[in-house]
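Structure first, then comments.
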Amino acid sequence: MKPLLYIISALFVAGCSPAPESDAPDRTMRPPPVADDRPVILFLGDSLTAGYYLDPEDAYPALIQRKLDDRNLPYRVVNAGVSGDTSTDGLNRLDWVLRQPVSVLVLALGANDALRGQPVARIHANLDAILSRTRDRYPDVRFVLAGMKMPVNYGEPYIGDFERMFGELADAHDAVLIPFLLEGVAGDPVLNLRDGIHPTEEGHEIMAGTVWRYLERVLEGVASAR
């Protein structure tokens, strides 16, 4: 088992242009931007999802967007996260990130809680509430739940309860479970920054491949249900 930490960042950009004062046609005006109405895949997580210390375009959610585009799959990835987020933080800002319709929620929270020794029951309750409230808002939403592992020094009872929690939540909410988001990355100094916790660009490429194996299954299910 290796230590890990999660965080996420959300970037929303909006712009507007003033209307021309003249009544004469302005042939230099650009047409208004076309709204991006592609179904949203929302990544709700912590530093791992945000791409700590990396360009946002190198974080695994952005790499997932490239995979979608390469396959002509009409989805838009939204990386909605804040560095250092716990499950409580994610729940507290859930209404804000759910302002736009969500087709798939990839939930990657809980590790920061555990690293701070929070009771597993509390983490479970927060993640359960995030999934339930998202389903209440968007009944057709699909879930991908990213599991995590803890260092051995946390003790077997806590580690066991924490890791089982993800499977229990996945079963309860019909979510596709990623057993370990950092599979093949955690503990490898070549794939992590000097802090030994946050992945490098190469590490995020491996994470994107891991997430894609499970997300692709969900998207296939969405397509077959149409």
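For the structure tokens, the naming scheme is as follows: chains receive sequential letters (A, B, ...) according to their order of presentation, residues are indexed from 1 within each chain, and ligands are indexed from 1 in presentation order.
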**Message:** Going by DSSP on the backbone, which residues of segment 22-119 of chain A come out as strand (DSSP E or B)? List them as a PyMOL selection string.
**Reply:** chain A and resi 40-46+76-79+104-108
**Point-to-point distance from atom CA of Val82 of chain A to atom CA of Asp70 of chain A, Å rounded to tenths** =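 About the pair atom CA of Val82 of chain A and atom CA of Asp70 of chain A: they are 27.8 Å apart.
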**Prompt:** Expressed in Å to a single decimal, how great is the separation between atom CA of Tyr53 of chain A and atom CA of Gly209 of chain A?
**Reply:**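 Value for the atom CA of Tyr53 of chain A-atom CA of Gly209 of chain A distance: 20.1 Å.
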**Asked** Quick one: of A:Arg76, A:Arg142, A:Lys149, A:Arg93, who's nearest to Asp37 of chain A, counting only C-alpha atoms?
**Response**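 So, comparing all the options, the nearest one is A:Arg76.
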**Message:** What's around Arg71 of chain A at 12 Å? Count only C-alpha atoms, leave out sequence neighbours fewer than 5 positions away in its own chain, and write the answer as a list in words.
**Reply:**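 Listing them by chain and then by number gives Ile64, Gln65, Arg66, Glu216 and Leu219 of chain A.
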**Message:** Just to confirm, what's the straight-line distance from atom CA of Leu181 of chain A to atom CA of Ala108 of chain A in Å (one decimal)?
**Reply:**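 Taking atom CA of Leu181 of chain A as the start and atom CA of Ala108 of chain A as the end point, the length is 8.2 Å.
In this comparison, which uses only C-alpha atoms, the residue of A:Asn92, A:Asn192, A:Asn79, A:Ser47 approaching Pro61 of chain A most closely is A:Asn79.
The closest residue to Gly147 of chain A, picked from A:Thr210, A:Asn126, A:Ser103, A:Gln118 and counting only C-alpha atoms, is A:Thr210.
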I'd like to know which residues of segment 31-209 of chain A are helix (DSSP H, G or I) (by DSSP, run on the backbone); could you write them as a PDB file with C-alpha atoms, in the first residue's frame?
```
ATOM      1  CA  SER A  47      -5.481  16.959  -6.122  1.00  0.00           C
ATOM      2  CA  LEU A  48      -5.082  13.829  -8.176  1.00  0.00           C
ATOM      3  CA  THR A  49      -8.005  14.825 -10.359  1.00  0.00           C
ATOM      4  CA  ALA A  50      -6.898  18.457 -10.493  1.00  0.00           C
ATOM      5  CA  PRO A  56      -4.574  21.235 -16.350  1.00  0.00           C
ATOM      6  CA  GLU A  57      -4.344  19.836 -19.886  1.00  0.00           C
ATOM      7  CA  ASP A  58      -2.000  17.142 -18.576  1.00  0.00           C
ATOM      8  CA  TYR A  60      -6.094  12.673 -16.407  1.00  0.00           C
ATOM      9  CA  PRO A  61      -9.583  14.212 -16.944  1.00  0.00           C
ATOM     10  CA  ALA A  62      -8.199  16.263 -19.850  1.00  0.00           C
ATOM     11  CA  LEU A  63      -6.577  13.118 -21.228  1.00  0.00           C
ATOM     12  CA  ILE A  64      -9.980  11.418 -21.027  1.00  0.00           C
ATOM     13  CA  GLN A  65     -11.390  14.256 -23.131  1.00  0.00           C
ATOM     14  CA  ARG A  66      -8.772  13.524 -25.775  1.00  0.00           C
ATOM     15  CA  LYS A  67      -9.749   9.868 -25.807  1.00  0.00           C
ATOM     16  CA  LEU A  68     -13.385  10.858 -26.257  1.00  0.00           C
ATOM     17  CA  ASP A  69     -12.528  13.235 -29.093  1.00  0.00           C
ATOM     18  CA  ASP A  70     -10.305  10.679 -30.814  1.00  0.00           C
ATOM     19  CA  SER A  87     -15.762  14.249   1.047  1.00  0.00           C
ATOM     20  CA  THR A  88     -17.332  16.944   3.236  1.00  0.00           C
ATOM     21  CA  ASP A  89     -16.005  19.661   0.946  1.00  0.00           C
ATOM     22  CA  GLY A  90     -17.318  17.838  -2.101  1.00  0.00           C
ATOM     23  CA  LEU A  91     -20.749  17.498  -0.561  1.00  0.00           C
ATOM     24  CA  ASN A  92     -20.828  21.144   0.500  1.00  0.00           C
ATOM     25  CA  LEU A  94     -22.265  19.728  -4.818  1.00  0.00           C
ATOM     26  CA  ASP A  95     -25.233  21.946  -5.632  1.00  0.00           C
ATOM     27  CA  TRP A  96     -22.887  24.396  -7.339  1.00  0.00           C
ATOM     28  CA  VAL A  97     -21.211  21.801  -9.556  1.00  0.00           C
ATOM     29  CA  ALA A 111      -8.606   9.773   0.598  1.00  0.00           C
ATOM     30  CA  ASN A 112      -7.974  13.133   2.247  1.00  0.00           C
ATOM     31  CA  ASP A 113     -10.549  12.272   4.915  1.00  0.00           C
ATOM     32  CA  ALA A 114      -8.820   8.980   5.625  1.00  0.00           C
ATOM     33  CA  LEU A 115      -5.359  10.554   5.750  1.00  0.00           C
ATOM     34  CA  VAL A 120     -15.025   5.635   7.785  1.00  0.00           C
ATOM     35  CA  ALA A 121     -18.720   5.900   8.641  1.00  0.00           C
ATOM     36  CA  ARG A 122     -18.569   9.668   8.120  1.00  0.00           C
ATOM     37  CA  ILE A 123     -16.760   9.316   4.774  1.00  0.00           C
ATOM     38  CA  HIS A 124     -19.306   6.702   3.702  1.00  0.00           C
ATOM     39  CA  ALA A 125     -22.208   8.985   4.635  1.00  0.00           C
ATOM     40  CA  ASN A 126     -20.774  11.916   2.672  1.00  0.00           C
ATOM     41  CA  LEU A 127     -20.060   9.906  -0.480  1.00  0.00           C
ATOM     42  CA  ASP A 128     -23.470   8.252  -0.219  1.00  0.00           C
ATOM     43  CA  ALA A 129     -25.099  11.684  -0.002  1.00  0.00           C
ATOM     44  CA  ILE A 130     -23.169  12.935  -3.041  1.00  0.00           C
ATOM     45  CA  LEU A 131     -24.322   9.984  -5.115  1.00  0.00           C
ATOM     46  CA  SER A 132     -27.910  10.129  -3.843  1.00  0.00           C
ATOM     47  CA  ARG A 133     -28.324  13.858  -4.377  1.00  0.00           C
ATOM     48  CA  THR A 134     -26.837  13.640  -7.851  1.00  0.00           C
ATOM     49  CA  ARG A 135     -29.280  10.861  -8.734  1.00  0.00           C
ATOM     50  CA  ASP A 136     -32.151  12.910  -7.314  1.00  0.00           C
ATOM     51  CA  ARG A 137     -31.170  15.844  -9.526  1.00  0.00           C
ATOM     52  CA  VAL A 152      -0.267   0.089   6.186  1.00  0.00           C
ATOM     53  CA  ASN A 153       0.460   2.228   9.253  1.00  0.00           C
ATOM     54  CA  TYR A 154      -3.252   3.071   9.479  1.00  0.00           C
ATOM     55  CA  GLU A 156      -5.804  -3.323   9.255  1.00  0.00           C
ATOM     56  CA  PRO A 157      -9.233  -2.592  10.794  1.00  0.00           C
ATOM     57  CA  TYR A 158      -9.318   0.964   9.429  1.00  0.00           C
ATOM     58  CA  ILE A 159      -7.794   0.016   6.085  1.00  0.00           C
ATOM     59  CA  GLY A 160     -10.223  -2.841   5.637  1.00  0.00           C
ATOM     60  CA  ASP A 161     -13.264  -0.717   6.464  1.00  0.00           C
ATOM     61  CA  PHE A 162     -12.074   2.084   4.195  1.00  0.00           C
ATOM     62  CA  GLU A 163     -11.414  -0.104   1.173  1.00  0.00           C
ATOM     63  CA  ARG A 164     -14.653  -2.096   1.600  1.00  0.00           C
ATOM     64  CA  MET A 165     -16.578   1.164   1.724  1.00  0.00           C
ATOM     65  CA  PHE A 166     -16.068   1.800  -2.001  1.00  0.00           C
ATOM     66  CA  GLY A 167     -17.451  -1.576  -2.987  1.00  0.00           C
ATOM     67  CA  GLU A 168     -20.459  -1.109  -0.727  1.00  0.00           C
ATOM     68  CA  LEU A 169     -21.208   2.291  -2.228  1.00  0.00           C
ATOM     69  CA  ALA A 170     -20.777   0.968  -5.762  1.00  0.00           C
ATOM     70  CA  ASP A 171     -23.252  -1.839  -5.070  1.00  0.00           C
ATOM     71  CA  ALA A 172     -25.750   0.507  -3.430  1.00  0.00           C
ATOM     72  CA  HIS A 173     -25.714   3.032  -6.276  1.00  0.00           C
ATOM     73  CA  PRO A 189       9.330   7.477  -8.019  1.00  0.00           C
ATOM     74  CA  VAL A 190       9.545   7.735 -11.804  1.00  0.00           C
ATOM     75  CA  LEU A 191       5.797   8.357 -12.050  1.00  0.00           C
ATOM     76  CA  GLU A 201       2.465  13.733 -16.544  1.00  0.00           C
ATOM     77  CA  GLU A 202       3.440  10.130 -17.257  1.00  0.00           C
ATOM     78  CA  GLY A 203       1.618   9.030 -14.129  1.00  0.00           C
ATOM     79  CA  HIS A 204      -1.523  10.813 -15.268  1.00  0.00           C
ATOM     80  CA  GLU A 205      -1.341   9.042 -18.593  1.00  0.00           C
ATOM     81  CA  ILE A 206      -1.466   5.727 -16.746  1.00  0.00           C
ATOM     82  CA  MET A 207      -4.327   6.979 -14.568  1.00  0.00           C
ATOM     83  CA  ALA A 208      -6.234   8.047 -17.675  1.00  0.00           C
ATOM     84  CA  GLY A 209      -5.806   4.563 -19.096  1.00  0.00           C
TER      85      GLY A 209
END
```
**Prompt:** Using only C-alpha atoms, which of the listed residues (A:Asp36, A:Asn72, A:Asp195, A:Phe143) sits closest to Gln100 of chain A?
**Reply:** A:Asp36
**Item:** For Tyr138 of chain A, the nearest of the candidates A:Gly184, A:Pro119, A:Ala59, A:Val102, counting only C-alpha atoms
**Value:**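 Answer, going by the shortest atom-to-atom distance: A:Val102.
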